[in-house]
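All remarks here apply to the structure that follows.
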Amino acid sequence: MKTDIQIAQEAVMEPISMVAERAGIPKEDLEFYGKYKAKLSEDFWEKIKNNADGKLVLVTAINPTPAGEGKTTTTVGLGQAMAKLHKKAMIALREPSLGPCFGIKGGAAGGGYAQVVPMEDLNLHFTGDFHAITSANNLLAAMLDNHIQQGNALQIDPRQVVWKRCLDMNDRVLRNIVVGLGNKMDGMVREDHFVITVASEIMAILCLAEDLSDLKARLGRIIVAYNFAGDPVTAEELKATGAMTALLKDAIKPNLIQTLEHTPALVHGGPFANIAHGCNSVRATRMALKMSDITITEAGFGADLGAEKFLDIKCRKAGLKPDAVVLVATVRALKYNGGVAKADLSRENLEALEKGIVNLEKHIENIQKYDVPVVVTLNSFVTDTEAENEFVRKFCEERGCEFALSEVWEKGGEGGIALAEKVLETLEKKESRFHPLYEDTLSLKEKIETIAREIYGARGVVYEPTAEKQLARIEAMGFQEFPVCMAKNQYSLSDDASKLGRPENFDIHIREVYVSAGAGFVVALTGAIMTMPGLPKVPAANQIDVTDDGKITGLF
């Protein structure tokens, strides 16, 4: 079987102007980045903003395992299948981070015959959005330290600087550093930190901003530090807002590319779901809804992270209403949750499947709490047996879910027709009565504990003393009505990555809480979650190379 990159490199792409024309986007509203990528102009939104919205379908998944789930693959394949059924479909995805591309996870363009292309461009530098976000983040950091060096008129307490530098790379040695070493002219010596770019508040702001004016206002509200009196200091007070906006003026425009079957895809923004809010930009989703009958989007990692944040943060902030949720699982991943070693997942094992399917069960229950119709799909592998597929189908239907097999990795859009038909049937027959999980008026603790109990299945929440003080301070500053963005490992419903399946009788441990005042949410860090990941012992970067004629190899 060909690798993903081989399939992508052999694809015959259409000029992006042709893809745009079929989607109803005039050529004058494209800002070209080569022949196969383009940004959509600011003027284009004004032309379509009064169009009726199409249907919104969210694709999410069970907790990720080494066996693979294929959420992005399913999203792309479902979009291609809708096109084969003559539906005007638009896909809305996040941009990949360089961190996992060179780390362990690989890229995020889909897989097999359900990919967006150009795959190498998307997974590497793409249109420069992440570079712009990194630059804006670090400009603010530089202006902050310069302000302290040049007299510190705002009386910033160097011990209470909360703004971190960022880099779009897994680099554990940058988590905790010391800056300002050298002589007096090299700045004040203090402890500093890096986060990965996808965890930067600027990434979240870009993905939630309605337009350039809203982007600028949100950037100005970023809290960078506290002064000696304990009051917050903002980016606006540092006079950094205008320059940061200048760096981001093109990055805020959604990017248009295509699938292997030429279905249009808007790919824009890319916050991680384990340490950030995990959804593509509001602007891209809104544009897709105005241009299509059906918009298919995804949220990162499992439904306990990405879907919860899509529903409780993005939909709440942007006024979006999902019409259906597609929940992706694989027989292999469910057996892994049932205790089967990765090397043995190809063998039929109904006992392990029965034991591990409780992970899927919990995610079904969670989505149903939002009163949105659920369609479960099994991303098919050749080693799956009829008995295993039938077991999962019956399990889902007994819980009020529609069910369909997906073979998009192997067959592209053709392999997603059964799923597409089931989604269309669900959209026609079942009404979404979407509502968030919790009300704005709850306290921050009540919001954290609601997510922990209702979504994770936790017994309770344990707060570190530091987190208790931070929560009290954030509420005293007037941010109680913000939603909560939980930073948690993706592998388990709990904050312990080793607890697979459906853990019980566990507590969620909150060790740090901070406010992202520009993004408009409060972040709670659980367990040992890191906002700057590290590389594995054998990183994917070891296998990536370029041939003498410039062809990239080893990227997946």
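Quick note on naming: the chains in the structure tokens go A, B, ... in the order shown, residues restart at 1 in each chain, and ligands are numbered from 1 in order of appearance.
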Give me the residues of range 320-394 of chain A that have any atom at most 8 Å from an atom of range 68-83 of chain A; for each, the nearest atom pair and the distance in Å, rounded to one decimal. Use only C-alpha atoms, sort by chain and number, and format it as CSV.
residue,atom,partner,partner_atom,distance
A:Val328,CA,A:Lys71,CA,6.2
A:Ala329,CA,A:Glu69,CA,5.7
A:Thr330,CA,A:Glu69,CA,5.7
A:Arg332,CA,A:Gly68,CA,7.8
A:Ala333,CA,A:Gly68,CA,6.6
A:Asn379,CA,A:Gly70,CA,6.7
Q.
Using only C-alpha atoms, which protein or nucleic acid residues come within 8 Å of range 98-105 of chain A? Drop anything in the same chain fewer than 4 positions from it, and give the result as number ranges by chain.
A. A: 123-124, 168-170, 196, 533-536, 539-541, 555-556
Restricting it to N, CA, C and O atoms, dump the selection as a PDB file, in the first residue's frame.
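Just written: selection.pdb:
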ATOM      1  N   ASN A 123       1.401  20.764   5.954  1.00  0.00           N
ATOM      2  CA  ASN A 123       2.041  20.268   7.171  1.00  0.00           C
ATOM      3  C   ASN A 123       3.307  21.027   7.546  1.00  0.00           C
ATOM      4  O   ASN A 123       3.807  20.859   8.661  1.00  0.00           O
ATOM      5  N   LEU A 124       3.830  21.824   6.646  1.00  0.00           N
ATOM      6  CA  LEU A 124       5.065  22.554   6.951  1.00  0.00           C
ATOM      7  C   LEU A 124       4.759  24.048   7.106  1.00  0.00           C
ATOM      8  O   LEU A 124       4.138  24.449   8.065  1.00  0.00           O
ATOM      9  N   ASP A 168       6.798  27.142  17.491  1.00  0.00           N
ATOM     10  CA  ASP A 168       5.971  26.050  16.965  1.00  0.00           C
ATOM     11  C   ASP A 168       6.819  24.792  16.778  1.00  0.00           C
ATOM     12  O   ASP A 168       7.026  24.307  15.666  1.00  0.00           O
ATOM     13  N   MET A 169       7.304  24.287  17.887  1.00  0.00           N
ATOM     14  CA  MET A 169       8.180  23.111  17.852  1.00  0.00           C
ATOM     15  C   MET A 169       8.145  22.455  19.234  1.00  0.00           C
ATOM     16  O   MET A 169       8.038  23.139  20.237  1.00  0.00           O
ATOM     17  N   ASN A 170       8.209  21.131  19.273  1.00  0.00           N
ATOM     18  CA  ASN A 170       8.330  20.435  20.555  1.00  0.00           C
ATOM     19  C   ASN A 170       9.762  20.595  21.065  1.00  0.00           C
ATOM     20  O   ASN A 170      10.688  20.042  20.483  1.00  0.00           O
ATOM     21  N   ILE A 196       4.289  26.069  23.215  1.00  0.00           N
ATOM     22  CA  ILE A 196       4.231  25.827  21.783  1.00  0.00           C
ATOM     23  C   ILE A 196       3.225  26.806  21.180  1.00  0.00           C
ATOM     24  O   ILE A 196       2.254  27.199  21.833  1.00  0.00           O
ATOM     25  N   PRO A 533       5.294  20.670  24.629  1.00  0.00           N
ATOM     26  CA  PRO A 533       5.590  19.234  24.566  1.00  0.00           C
ATOM     27  C   PRO A 533       7.071  18.989  24.285  1.00  0.00           C
ATOM     28  O   PRO A 533       7.816  19.887  23.909  1.00  0.00           O
ATOM     29  N   GLY A 534       7.479  17.726  24.459  1.00  0.00           N
ATOM     30  CA  GLY A 534       8.833  17.311  24.112  1.00  0.00           C
ATOM     31  C   GLY A 534       8.815  16.310  22.978  1.00  0.00           C
ATOM     32  O   GLY A 534       7.768  15.774  22.620  1.00  0.00           O
ATOM     33  N   LEU A 535       9.970  16.059  22.402  1.00  0.00           N
ATOM     34  CA  LEU A 535      10.093  15.061  21.340  1.00  0.00           C
ATOM     35  C   LEU A 535      10.212  13.662  21.942  1.00  0.00           C
ATOM     36  O   LEU A 535      10.737  13.497  23.044  1.00  0.00           O
ATOM     37  N   PRO A 536       9.758  12.636  21.228  1.00  0.00           N
ATOM     38  CA  PRO A 536       9.946  11.263  21.698  1.00  0.00           C
ATOM     39  C   PRO A 536      11.386  10.809  21.500  1.00  0.00           C
ATOM     40  O   PRO A 536      12.200  11.521  20.880  1.00  0.00           O
ATOM     41  N   PRO A 539      12.111  10.644  17.185  1.00  0.00           N
ATOM     42  CA  PRO A 539      11.141  11.563  16.586  1.00  0.00           C
ATOM     43  C   PRO A 539      10.908  11.272  15.106  1.00  0.00           C
ATOM     44  O   PRO A 539      11.773  10.729  14.412  1.00  0.00           O
ATOM     45  N   ALA A 540       9.724  11.645  14.638  1.00  0.00           N
ATOM     46  CA  ALA A 540       9.396  11.486  13.224  1.00  0.00           C
ATOM     47  C   ALA A 540      10.379  12.241  12.332  1.00  0.00           C
ATOM     48  O   ALA A 540      10.599  11.863  11.176  1.00  0.00           O
ATOM     49  N   ALA A 541      10.981  13.289  12.867  1.00  0.00           N
ATOM     50  CA  ALA A 541      11.951  14.081  12.096  1.00  0.00           C
ATOM     51  C   ALA A 541      13.112  13.226  11.589  1.00  0.00           C
ATOM     52  O   ALA A 541      13.721  13.549  10.559  1.00  0.00           O
ATOM     53  N   LEU A 555       7.372  12.252   5.388  1.00  0.00           N
ATOM     54  CA  LEU A 555       6.352  13.021   6.098  1.00  0.00           C
ATOM     55  C   LEU A 555       5.054  12.221   6.091  1.00  0.00           C
ATOM     56  O   LEU A 555       4.683  11.658   5.070  1.00  0.00           O
ATOM     57  N   PHE A 556       4.383  12.149   7.219  1.00  0.00           N
ATOM     58  CA  PHE A 556       3.131  11.380   7.267  1.00  0.00           C
ATOM     59  C   PHE A 556       2.093  12.106   8.110  1.00  0.00           C
ATOM     60  O   PHE A 556       2.405  13.053   8.796  1.00  0.00           O
TER      61      PHE A 556
END
Counting only C-alpha atoms, which residues of range 117-190 of chain A sit at most 9 Å from some atom of range 227-233 of chain A, and what is each one's closest atom pair with its distance in Å to one decimal, listed by chain and rising residue number, as CSV?
residue,atom,partner,partner_atom,distance
A:Leu154,CA,A:Asn227,CA,7.0
A:Gln155,CA,A:Asn227,CA,5.3
A:Ile156,CA,A:Asn227,CA,4.1
A:Asp157,CA,A:Asn227,CA,4.8
A:Pro158,CA,A:Asn227,CA,8.3
A:Gln160,CA,A:Asn227,CA,7.4
A:Val161,CA,A:Asn227,CA,8.8
Save out the residues we just selected, N, CA and C atoms, as a compact mmCIF listing (two decimals), in the first residue's frame.
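Heads up, here's the output in selection11.txt:
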# COMPACT_ATOMS: atom_id res chain seq x y z
N LEU A 154 5.23 51.28 34.11
CA LEU A 154 4.01 50.62 34.54
C LEU A 154 4.18 49.84 35.84
N GLN A 155 5.41 49.91 36.40
CA GLN A 155 5.68 49.24 37.68
C GLN A 155 5.39 47.74 37.62
N ILE A 156 5.76 47.12 36.52
CA ILE A 156 5.56 45.67 36.35
C ILE A 156 6.45 44.92 37.33
N ASP A 157 5.85 43.97 38.02
CA ASP A 157 6.59 43.12 38.95
C ASP A 157 7.22 41.98 38.15
N PRO A 158 8.55 41.94 38.00
CA PRO A 158 9.20 40.88 37.21
C PRO A 158 8.90 39.48 37.72
N GLN A 160 5.98 38.57 38.54
CA GLN A 160 4.59 38.27 38.16
C GLN A 160 4.36 38.50 36.66
N VAL A 161 5.37 38.22 35.87
CA VAL A 161 5.19 38.22 34.41
C VAL A 161 4.53 36.91 34.03
Q | 9 Å contact set for Ala288 in chain A, only C-alpha atoms, chain neighbours under 5 positions out, as a VMD selection string | A | chain A and resid 53 to 54 89 to 92 265 to 266 283 294 to 296
Q: Tell me which of A:Ala472, A:Ala273, A:Cys315, A:Ile48 sits closest to Pro26 in chain A, counting only C-alpha atoms.
A: A:Ile48
